[in-house]
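*Asks:* I have a structure here, written as structure tokens, and I will follow up with some questions on it.
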Amino acid sequence: MAPLPARLLSAALRLPRLHAYARCLSTAPPKPLRLALIAGDGTGHVTVPCAQKVLASVELGERDIEFVPLDAGFETFQRTGHALPASTLQDLRGCDGALFGAVSSPLGFVEGYKSPIIAIRQELGLFASLRPLRGVAPSGARVDCLVVRENTEDLFASKERLEQGGEVAVVERTLTRAASRRIAESAFHWARKRASHRQQKEALDRSAGMLPRPPRPARVTIVHKANVLSMSDGLFLETCREVSRLPENEGVQTDDMLVDIAAHELVRCPDAFDVLLTPNLYGDILSDVGAALVGGIHVVPTANTSDSFVLAHGSNIVTPASVDKSANPLATIRAGAVVLFLLHETGPAMAIEKAVQATIEQGPFTPDMGGIATAEEVTRAVVKRAQYFQFMATMPGESDTLLADPQARTHTGMRWGGGPFFLFTLLSAAVSSVATVRAWAHYLAVV
């Protein structure tokens with residue numbers, strides 16, 4: 001239990017919030033954020049509850065989160081005959097977003113089965129897959145790029161058949177101009193937004209007396225194989241180039257790269273990329289190549305988005321949940337933060353992201369990261385840090401986002417419980433006395 005002075009101070013600081021609640025009694029309560037939770041298969045039953053605990057630990061202002069557990073996956077298929085039950089799809093349409101755990105799709109053909117996450121993408125029109133990649137590569141290069149992948153067509157449409165008595169397998173690949181244009185517009189939107197944030201961050205640093213490097217310009221790299229697939233990838237490349245010539249994209253640098261060369265360059269010099277724009281299959285592969293450079297797929301999230309819905313997930317690798325309580329929950333926790341960010345809950349989203357970054361740097365670590373911690377132990381550490389960072393967000397100078405240049409420059413390098421550094425931070429932010437007192441009270445209460 002926290003010391004009595006800290007508890008009293010924390011209680012006193014809640015009075016303004018209680019007053020705000022009292023003012024709202026005469027009006028209808030704000031609509032909660034409805035978030036579907038789909039554990040799926042295997043380790044999803046471990047990592048999704050961990051992400052739920054973290055999401056429940058942060059404050060969304062006047063809104064609450066309403067969690068809606070739903071069924072989908074191969075285990076559901078074996079039990080009901082449907083990998084994505086109609087009831088699940090109907091309930092998803094009534095939610096603001098969704099968090100997906102993992103799915104153990106069989107490696108061979110199974111009559112009547114289709115990957116539920118692919119089905120959700122197609123049914124809800126989640127046309128854009130966004131995977132932010134950031135961290136320090138083994139080469140020492142700082143990685144900060146975003147893979148924007150078309151999510152509804154290409155080979156993932158699963159149009160396959162056997163011919164000549166099963167001796168020949170044929171697959172149809174479809175790329176349309178409409179889908180290519182839509183994903184290109186999304187990629188250029190994020191390139192502009194990331195560049196704008198970098199400029200804002202540079203201005204903040206300069207106003208604080210720092211001498212930052214000039215921010216990188218917006219850049220989109222179109223990934224294709226048009227030298228071989230001249231019609232399908234040629235259409236994709238041509239359409240993306242048309243979008244690059246729109247007036248709003250005048251300041252965005254645009255180049256294109258063959259997919260095999262892109263994989264090579266992503267490993268060789270990952271810091272050269274800003275936004276990679278890809279068809280479905282190439283993006284699926286390149287996003288995992290990039291994940292390997294920044295800690296692995298167990299710490300990297302992915303968001304599947306439309307104009308009105310977001311579904312996010314961590315790793316899709318499945319191991320039996322009953323024997324894997326040490327599964328790494330960080331990617332799924334980060335996926336929860338991405339859902340909040342894309343639903344305009346930026347403050348709590350950044351608190352969670354910074355907490356995950358601090359945990360990646362300081363531990364505790366699950367076995368895949370060289371430690372012995374369980375998923376529950378990692379989750380407790382993230383919860384504590386997320387609550388701390390949410391209080392610290394009231395300090396001056398906080399300006400970070402998840403997908404637009406998400407590199408956090410504040411606090412994540414400190415060791416948890418590092419008193420001298422914390423005191424220095426409080427003194428440097430003393431111009432905001434209320435924020436300082438609140439952060440100090442929270443530090444005493446939770447550390």
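Here's how to read the names in the structure tokens: chain A, B, ... by the order shown, residue numbers from 1 in each chain, ligand numbers from 1 in the order shown.
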As a PyMOL selection string, which residues of region 62-145 of chain A does DSSP assign to alpha helix (DSSP H)?
*Replies:* chain A and resi 74-80+86-93+116-123
*Asks:* Which distance in Å separates CA of Asn227 (chain A) and CA of Arg131 (chain A), to one decimal?
*Replies:*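 Between CA of Asn227 (chain A) and CA of Arg131 (chain A) the gap is 26.3 Å.
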*Asks:* Nearest to Glu66 (chain A) among A:Lys31, A:Val299, A:Phe188, A:Thr43, with distances taken over only C-alpha atoms: which residue is it?
*Replies:*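 Of the candidates, the smallest distance to Glu66 (chain A) is held by A:Lys31.
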*Asks:* What's the 10 Å shell around Met369 (chain A), counting only C-alpha atoms, without same-chain residues fewer than 3 positions away, as a list in words?
*Replies:*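 The residues that qualify are Gly295, Gly296, His298, Val299, Asn328, Ile360, Gly363, Pro364, Phe365, Thr366, Ile372 and Ala373 of chain A.
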*Asks:* Please produce a file of those selected residues containing N, CA and C atoms, as a PDB file, in the first residue's frame.
*Replies:*
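So the final result, stored in part_22.pdb, reads:
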```pdb
ATOM      1  N   GLY A 295      13.547  -6.588 -33.197  1.00  0.00           N
ATOM      2  CA  GLY A 295      13.212  -7.375 -32.012  1.00  0.00           C
ATOM      3  C   GLY A 295      12.386  -8.599 -32.278  1.00  0.00           C
ATOM      4  N   GLY A 296      11.818  -8.737 -33.489  1.00  0.00           N
ATOM      5  CA  GLY A 296      11.050  -9.927 -33.818  1.00  0.00           C
ATOM      6  C   GLY A 296       9.563  -9.679 -33.850  1.00  0.00           C
ATOM      7  N   HIS A 298       7.316 -10.932 -32.205  1.00  0.00           N
ATOM      8  CA  HIS A 298       6.649 -10.979 -30.906  1.00  0.00           C
ATOM      9  C   HIS A 298       6.568  -9.607 -30.238  1.00  0.00           C
ATOM     10  N   VAL A 299       7.177  -8.587 -30.829  1.00  0.00           N
ATOM     11  CA  VAL A 299       7.099  -7.243 -30.237  1.00  0.00           C
ATOM     12  C   VAL A 299       6.552  -6.205 -31.216  1.00  0.00           C
ATOM     13  N   ASN A 328       5.231 -14.145 -25.186  1.00  0.00           N
ATOM     14  CA  ASN A 328       5.500 -12.711 -25.129  1.00  0.00           C
ATOM     15  C   ASN A 328       4.225 -11.938 -25.486  1.00  0.00           C
ATOM     16  N   ILE A 360      10.860  -3.269 -23.129  1.00  0.00           N
ATOM     17  CA  ILE A 360      11.797  -3.871 -24.075  1.00  0.00           C
ATOM     18  C   ILE A 360      13.234  -3.548 -23.675  1.00  0.00           C
ATOM     19  N   GLY A 363      13.218  -4.707 -19.198  1.00  0.00           N
ATOM     20  CA  GLY A 363      12.668  -5.945 -18.685  1.00  0.00           C
ATOM     21  C   GLY A 363      11.441  -5.691 -17.818  1.00  0.00           C
ATOM     22  N   PRO A 364      10.860  -6.762 -17.306  1.00  0.00           N
ATOM     23  CA  PRO A 364      11.280  -8.172 -17.383  1.00  0.00           C
ATOM     24  C   PRO A 364      11.113  -8.750 -18.785  1.00  0.00           C
ATOM     25  N   PHE A 365      11.893  -9.831 -19.059  1.00  0.00           N
ATOM     26  CA  PHE A 365      11.936 -10.404 -20.390  1.00  0.00           C
ATOM     27  C   PHE A 365      11.381 -11.826 -20.384  1.00  0.00           C
ATOM     28  N   THR A 366      10.583 -12.140 -21.394  1.00  0.00           N
ATOM     29  CA  THR A 366      10.123 -13.504 -21.604  1.00  0.00           C
ATOM     30  C   THR A 366      11.243 -14.324 -22.244  1.00  0.00           C
ATOM     31  N   ILE A 372      13.274 -15.036 -18.177  1.00  0.00           N
ATOM     32  CA  ILE A 372      12.503 -16.146 -17.617  1.00  0.00           C
ATOM     33  C   ILE A 372      11.120 -15.690 -17.161  1.00  0.00           C
ATOM     34  N   ALA A 373      10.746 -14.460 -17.490  1.00  0.00           N
ATOM     35  CA  ALA A 373       9.483 -13.906 -17.000  1.00  0.00           C
ATOM     36  C   ALA A 373       8.297 -14.541 -17.720  1.00  0.00           C
TER      37      ALA A 373
END
```
*Asks:* What does the distance from CA of Leu126 (chain A) to CA of Ile183 (chain A) come to in Å, to one decimal?
*Replies:*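 Between CA of Leu126 (chain A) and CA of Ile183 (chain A) the gap is 10.6 Å.
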*Asks:* Do you know which residues are at most 12 Å from Asp96 (chain A) counting only C-alpha atoms, after dropping those on the same chain fewer than 4 positions away, and could you put them as a ChimeraX atom specification?
*Replies:* /A:31-37,65-68,91-92,124,305-312,339-340,342-344
*Asks:* Store the residues of this selection in a file with N, CA, C and O atoms, as a CSV table (one decimal), in the first residue's frame.
*Replies:*
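Wrote part09.csv, looks like this:
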```
chain,number,residue,atom,x,y,z
A,31,LYS,N,-20.7,7.7,-24.8
A,31,LYS,CA,-20.8,6.4,-25.3
A,31,LYS,C,-19.5,5.7,-25.1
A,31,LYS,O,-18.4,6.2,-25.4
A,32,PRO,N,-19.5,4.5,-24.6
A,32,PRO,CA,-18.2,3.7,-24.3
A,32,PRO,C,-17.6,3.3,-25.6
A,32,PRO,O,-18.2,3.2,-26.7
A,33,LEU,N,-16.3,3.1,-25.6
A,33,LEU,CA,-15.5,2.6,-26.7
A,33,LEU,C,-15.7,1.1,-26.7
A,33,LEU,O,-15.2,0.4,-25.7
A,34,ARG,N,-16.4,0.5,-27.7
A,34,ARG,CA,-16.6,-0.9,-27.7
A,34,ARG,C,-15.5,-1.6,-28.5
A,34,ARG,O,-15.3,-1.4,-29.7
A,35,LEU,N,-14.7,-2.5,-27.8
A,35,LEU,CA,-13.6,-3.1,-28.3
A,35,LEU,C,-13.8,-4.7,-28.3
A,35,LEU,O,-13.9,-5.2,-27.2
A,36,ALA,N,-13.8,-5.3,-29.4
A,36,ALA,CA,-14.0,-6.7,-29.5
A,36,ALA,C,-12.6,-7.4,-29.2
A,36,ALA,O,-11.6,-6.9,-29.6
A,37,LEU,N,-12.7,-8.5,-28.4
A,37,LEU,CA,-11.5,-9.3,-28.1
A,37,LEU,C,-11.7,-10.7,-28.7
A,37,LEU,O,-12.6,-11.4,-28.3
A,65,ILE,N,-14.0,1.7,-21.6
A,65,ILE,CA,-13.8,0.7,-22.7
A,65,ILE,C,-14.8,-0.4,-22.3
A,65,ILE,O,-14.7,-0.9,-21.2
A,66,GLU,N,-15.6,-0.8,-23.2
A,66,GLU,CA,-16.5,-2.0,-23.1
A,66,GLU,C,-15.8,-3.1,-23.9
A,66,GLU,O,-15.8,-3.0,-25.1
A,67,PHE,N,-15.4,-4.2,-23.2
A,67,PHE,CA,-14.8,-5.3,-23.9
A,67,PHE,C,-15.8,-6.3,-24.3
A,67,PHE,O,-16.7,-6.7,-23.5
A,68,VAL,N,-15.7,-6.8,-25.6
A,68,VAL,CA,-16.7,-7.7,-26.1
A,68,VAL,C,-16.0,-9.0,-26.6
A,68,VAL,O,-15.4,-9.0,-27.7
A,91,ASP,N,-21.5,-9.1,-34.4
A,91,ASP,CA,-21.1,-8.3,-33.3
A,91,ASP,C,-19.9,-7.4,-33.6
A,91,ASP,O,-19.8,-6.3,-33.0
A,92,LEU,N,-19.0,-7.8,-34.5
A,92,LEU,CA,-17.9,-6.9,-34.8
A,92,LEU,C,-18.4,-5.6,-35.5
A,92,LEU,O,-17.9,-4.6,-35.3
A,124,LEU,N,-15.2,-6.8,-43.7
A,124,LEU,CA,-15.3,-5.4,-43.1
A,124,LEU,C,-14.6,-4.4,-44.0
A,124,LEU,O,-14.5,-3.2,-43.6
A,305,THR,N,-7.1,-1.7,-41.3
A,305,THR,CA,-8.0,-0.5,-41.1
A,305,THR,C,-8.8,-0.3,-42.4
A,305,THR,O,-8.5,-0.6,-43.5
A,306,SER,N,-10.0,0.4,-42.1
A,306,SER,CA,-10.8,1.0,-43.1
A,306,SER,C,-11.0,2.4,-42.7
A,306,SER,O,-10.4,2.9,-41.8
A,307,ASP,N,-12.0,3.1,-43.3
A,307,ASP,CA,-12.3,4.4,-42.9
A,307,ASP,C,-13.1,4.5,-41.6
A,307,ASP,O,-13.2,5.5,-41.0
A,308,SER,N,-13.6,3.3,-41.2
A,308,SER,CA,-14.5,3.3,-40.0
A,308,SER,C,-14.2,2.3,-39.0
A,308,SER,O,-14.9,2.2,-38.0
A,309,PHE,N,-13.2,1.4,-39.2
A,309,PHE,CA,-12.9,0.3,-38.3
A,309,PHE,C,-11.5,-0.1,-38.3
A,309,PHE,O,-10.8,0.1,-39.3
A,310,VAL,N,-11.0,-0.6,-37.1
A,310,VAL,CA,-9.6,-1.0,-37.0
A,310,VAL,C,-9.6,-2.3,-36.3
A,310,VAL,O,-10.2,-2.5,-35.2
A,311,LEU,N,-8.8,-3.3,-36.8
A,311,LEU,CA,-8.6,-4.6,-36.1
A,311,LEU,C,-7.0,-4.7,-36.1
A,311,LEU,O,-6.4,-4.6,-37.1
A,312,ALA,N,-6.5,-4.9,-34.9
A,312,ALA,CA,-5.1,-5.0,-34.7
A,312,ALA,C,-4.7,-6.3,-34.1
A,312,ALA,O,-5.5,-6.9,-33.4
A,339,VAL,N,-4.9,0.4,-31.7
A,339,VAL,CA,-6.3,0.5,-31.8
A,339,VAL,C,-6.7,1.8,-31.1
A,339,VAL,O,-7.5,2.6,-31.7
A,340,LEU,N,-6.2,2.1,-29.9
A,340,LEU,CA,-6.6,3.3,-29.3
A,340,LEU,C,-6.2,4.5,-30.1
A,340,LEU,O,-6.9,5.5,-30.2
A,342,LEU,N,-5.6,4.9,-33.4
A,342,LEU,CA,-6.4,5.0,-34.6
A,342,LEU,C,-7.9,5.4,-34.3
A,342,LEU,O,-8.6,5.9,-35.1
A,343,LEU,N,-8.3,5.2,-33.0
A,343,LEU,CA,-9.6,5.6,-32.6
A,343,LEU,C,-9.6,7.0,-31.8
A,343,LEU,O,-10.5,7.3,-31.1
A,344,HIS,N,-8.4,7.7,-32.0
A,344,HIS,CA,-8.2,9.0,-31.5
A,344,HIS,C,-8.1,9.1,-30.0
A,344,HIS,O,-8.3,10.2,-29.4
```
